[in-house]
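Worksheet for the structure shown next.
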Amino acid sequence: MVILLAYAGWRFFSPASPYSGTTSMITSSMVSMVGTSSYGSSSSASSGTTSTFNLAASLLAGSPPTLGSANASVTIVEFGDYQCPTCGGWYNTQEASLVQNLIDTGKAKLVWRDFDYYGPDSVSASEAAYAAGAQGKFWQFHDLLFQNQQAPNGGWASRQNLVKFAEQLGLNMTEFNQDFNSGNYDSLINSNHSLGVQAGITETPTFFLIGPNGKEVTIAGGQPESVFEQAVAQLTSVS
Amino acid sequence: MPSPIVDTFRDTKYVIFAVPIVVAYGVMLFFFDQFIFFAPYFTFYVPSSGVWNLVLDTLLTTLTALVLTFSIRQMLLQRGSGGASKTGVLGIVAAIVAGACPCYYLVPLLAVAGAIGGTLGAVGILLNTFQIPIKLAAMLLLVFAIYKLNKSGVCKVRVPAQSIRQNHAN
């Protein structure tokens, strides 16, 4: 009971970020509901140096797979694991309405970043999705993975099965196999994981919603789509 | 004659004692199972796939509160009579063990944080996957505790065989 209370308190008071000055937690007033993503700092006492971690800039850096209009004012960055049951549950119950209400309407765009921790099959699934992405079918492969998700590490995301998924999508299999086995995506997968750790992820899926002017809201866990609509409205109205 | 458990909850002070346990433990379980979210907005949401888990959480919460309250009452009532007090302590232990079952959430969480990973993380993920059987086992333990407590709460008067014989002779 004591452990549970301590854990609940920890999760409640630090839902997304270990950094000082974190304002991702929404409080009662509207002004404080949206935190800036230029986080205070994480200082290194031993070296005496202070480094600033800009969450929004880090999340938007590079060219991660993105669904929706490039001009959308809000970016939703999802950190997930293809083997994570909560991520699968959220995909199967919420993602379609999120795409319909926020992505297709141009209010937001969805970015995927891997946070693989369930095991080697999670990493293989990420590699396969990127290999499919090289042929312009990242999101189709992403959908196929979540639609076929089963118990973690039960073999459904084995390398052989991932190849079968690629065949199912009608990908060029020579290119896919070459890409899939190349190890080209290892550094991207690792850097996404490091970014997630830096951002203070404590569960998957975790979503970072970045609005105009770098305002940021964190949604941790498999929350209903209505929460995303509310947060997007909040981010755009504050700006 | 009402059973000791019914008798316990006829007393308002035990009901008042049990309600905060139900609320506190229920909120924690709902939070772990992602039925309640505190950020960015307070949200209560039960996906269609989560109904069974919600029912189990509610039952587990209620049973835990019953066992804890009942155990404490038995211990208070039967202070001094060793056997019955032992049952009360066992009831509390059962409630703590059963209540600790959601701790499986801690292990994958630590794995996520990159703090431990490896075997412990894998164990946590496995436990998380089998959370429904674990909750069922915890409930069985609590039901057994209620049965034992109820049995120990019934007053037994032992009449020496000799005095019975004497009564018959008279």
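Each chain of the structure tokens is named A, B, ... in the order shown, its residues numbered from 1; ligands are numbered from 1 in display order.
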
Item to check | Contacts of A:Asn161 at 12 Å (only C-alpha atoms; same-chain gap of 3+ positions) as a VMD selection string | outcome: chain A and resid 121 124 to 125 128 144 to 145 148 to 149 154 to 158 164 to 168

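The environment of stretch 178-186 of chain A within 9 Å, counting only C-alpha atoms and disregarding residues fewer than 4 places along the same chain, consists of Val123, Ser124, Ser126, Glu127, Ala128, Ala129, Tyr130, Ala131, Ala132, Ala134, Val163, Met173, Thr174, Asn190 and Ser191 of chain A.
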
Next on the checklist: Can you tell me, as an MDAnalysis selection string, which residues in stretch 64-131 of chain A count as helix (DSSP H, G or I) by DSSP?
Outcome noted: chainID A and resid 85:103 120:131

Checklist entry - Can you tell me how far atom CA of A:Leu55 sits from atom CA of A:Ile201, in Å to one decimal? => result 12.0 Å

Next on the checklist: One number please: atom CA of B:Val22 to atom CA of A:Thr202, in Å, one decimal.
Outcome noted: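 Computed distance, atom CA of B:Val22 to atom CA of A:Thr202, equals 26.4 Å.
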
Next on the checklist: Report as number ranges by chain all protein, DNA and RNA residues lying within 10 Å of B:Val27, evaluated on only C-alpha atoms, omitting residues in the same chain fewer than 3 positions from it.
Outcome noted: A: 8; B: 21-24, 30-33, 35-36, 57-58, 61

For the selection just defined, write its residues with N, CA and C atoms to a file, as a PDB file, in the first residue's frame.
ATOM      1  N   ALA A   8       2.074   6.211  -6.934  1.00  0.00           N
ATOM      2  CA  ALA A   8       0.984   7.051  -7.460  1.00  0.00           C
ATOM      3  C   ALA A   8       1.361   8.523  -7.326  1.00  0.00           C
TER       4      ALA A   8
ATOM      5  N   ILE B  21     -10.879   3.502   2.527  1.00  0.00           N
ATOM      6  CA  ILE B  21     -10.018   2.456   1.933  1.00  0.00           C
ATOM      7  C   ILE B  21     -10.488   2.174   0.508  1.00  0.00           C
ATOM      8  N   VAL B  22     -11.820   2.037   0.359  1.00  0.00           N
ATOM      9  CA  VAL B  22     -12.379   1.769  -0.973  1.00  0.00           C
ATOM     10  C   VAL B  22     -12.010   2.908  -1.924  1.00  0.00           C
ATOM     11  N   VAL B  23     -12.185   4.136  -1.467  1.00  0.00           N
ATOM     12  CA  VAL B  23     -11.948   5.295  -2.343  1.00  0.00           C
ATOM     13  C   VAL B  23     -10.463   5.391  -2.716  1.00  0.00           C
ATOM     14  N   ALA B  24      -9.589   5.345  -1.697  1.00  0.00           N
ATOM     15  CA  ALA B  24      -8.152   5.526  -1.959  1.00  0.00           C
ATOM     16  C   ALA B  24      -7.595   4.402  -2.837  1.00  0.00           C
ATOM     17  N   PHE B  30      -7.639   2.374 -10.449  1.00  0.00           N
ATOM     18  CA  PHE B  30      -8.167   2.973 -11.684  1.00  0.00           C
ATOM     19  C   PHE B  30      -7.090   3.795 -12.390  1.00  0.00           C
ATOM     20  N   PHE B  31      -6.242   4.425 -11.588  1.00  0.00           N
ATOM     21  CA  PHE B  31      -5.159   5.233 -12.143  1.00  0.00           C
ATOM     22  C   PHE B  31      -4.129   4.338 -12.844  1.00  0.00           C
ATOM     23  N   PHE B  32      -3.748   3.250 -12.164  1.00  0.00           N
ATOM     24  CA  PHE B  32      -2.789   2.317 -12.759  1.00  0.00           C
ATOM     25  C   PHE B  32      -3.353   1.691 -14.035  1.00  0.00           C
ATOM     26  N   ASP B  33      -4.639   1.389 -14.008  1.00  0.00           N
ATOM     27  CA  ASP B  33      -5.254   0.725 -15.160  1.00  0.00           C
ATOM     28  C   ASP B  33      -5.721   1.715 -16.229  1.00  0.00           C
ATOM     29  N   PHE B  35      -7.950   4.149 -16.158  1.00  0.00           N
ATOM     30  CA  PHE B  35      -9.363   4.540 -16.253  1.00  0.00           C
ATOM     31  C   PHE B  35      -9.497   5.995 -15.794  1.00  0.00           C
ATOM     32  N   ILE B  36      -8.544   6.425 -14.966  1.00  0.00           N
ATOM     33  CA  ILE B  36      -8.526   7.805 -14.485  1.00  0.00           C
ATOM     34  C   ILE B  36      -7.214   8.443 -14.922  1.00  0.00           C
ATOM     35  N   ASP B  57     -11.282  -4.571 -10.753  1.00  0.00           N
ATOM     36  CA  ASP B  57     -10.710  -3.539  -9.872  1.00  0.00           C
ATOM     37  C   ASP B  57     -11.694  -3.174  -8.768  1.00  0.00           C
ATOM     38  N   THR B  58     -12.963  -3.030  -9.151  1.00  0.00           N
ATOM     39  CA  THR B  58     -13.988  -2.648  -8.179  1.00  0.00           C
ATOM     40  C   THR B  58     -14.155  -3.743  -7.128  1.00  0.00           C
ATOM     41  N   THR B  61     -11.067  -3.916  -4.851  1.00  0.00           N
ATOM     42  CA  THR B  61     -11.085  -2.788  -3.911  1.00  0.00           C
ATOM     43  C   THR B  61     -12.050  -3.057  -2.768  1.00  0.00           C
TER      44      THR B  61
END

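We find atom CA of B:Ile5 and atom CA of B:Asn53 to be spaced 26.4 Å apart.
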
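Comparing the minimum interatomic distances between chain B and each of A:Phe176, A:Gly80, A:Gln135, A:Gly214, counting only C-alpha atoms, we find that A:Gly80 sits nearest.
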
Next on the checklist: DSSP on the backbone, strand (DSSP E) only: what residues of stretch 21-236 of chain A does that give? Format it as a PyMOL selection string.
Outcome noted: chain A and resi 35-36+42-44+49-51+66-67+74-80+108-114+206-210+215-220

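Minimum distance to chain B across A:Gly196, A:Gly170, A:Pro212, A:Gly136 (counting only C-alpha atoms) occurs at A:Gly196.
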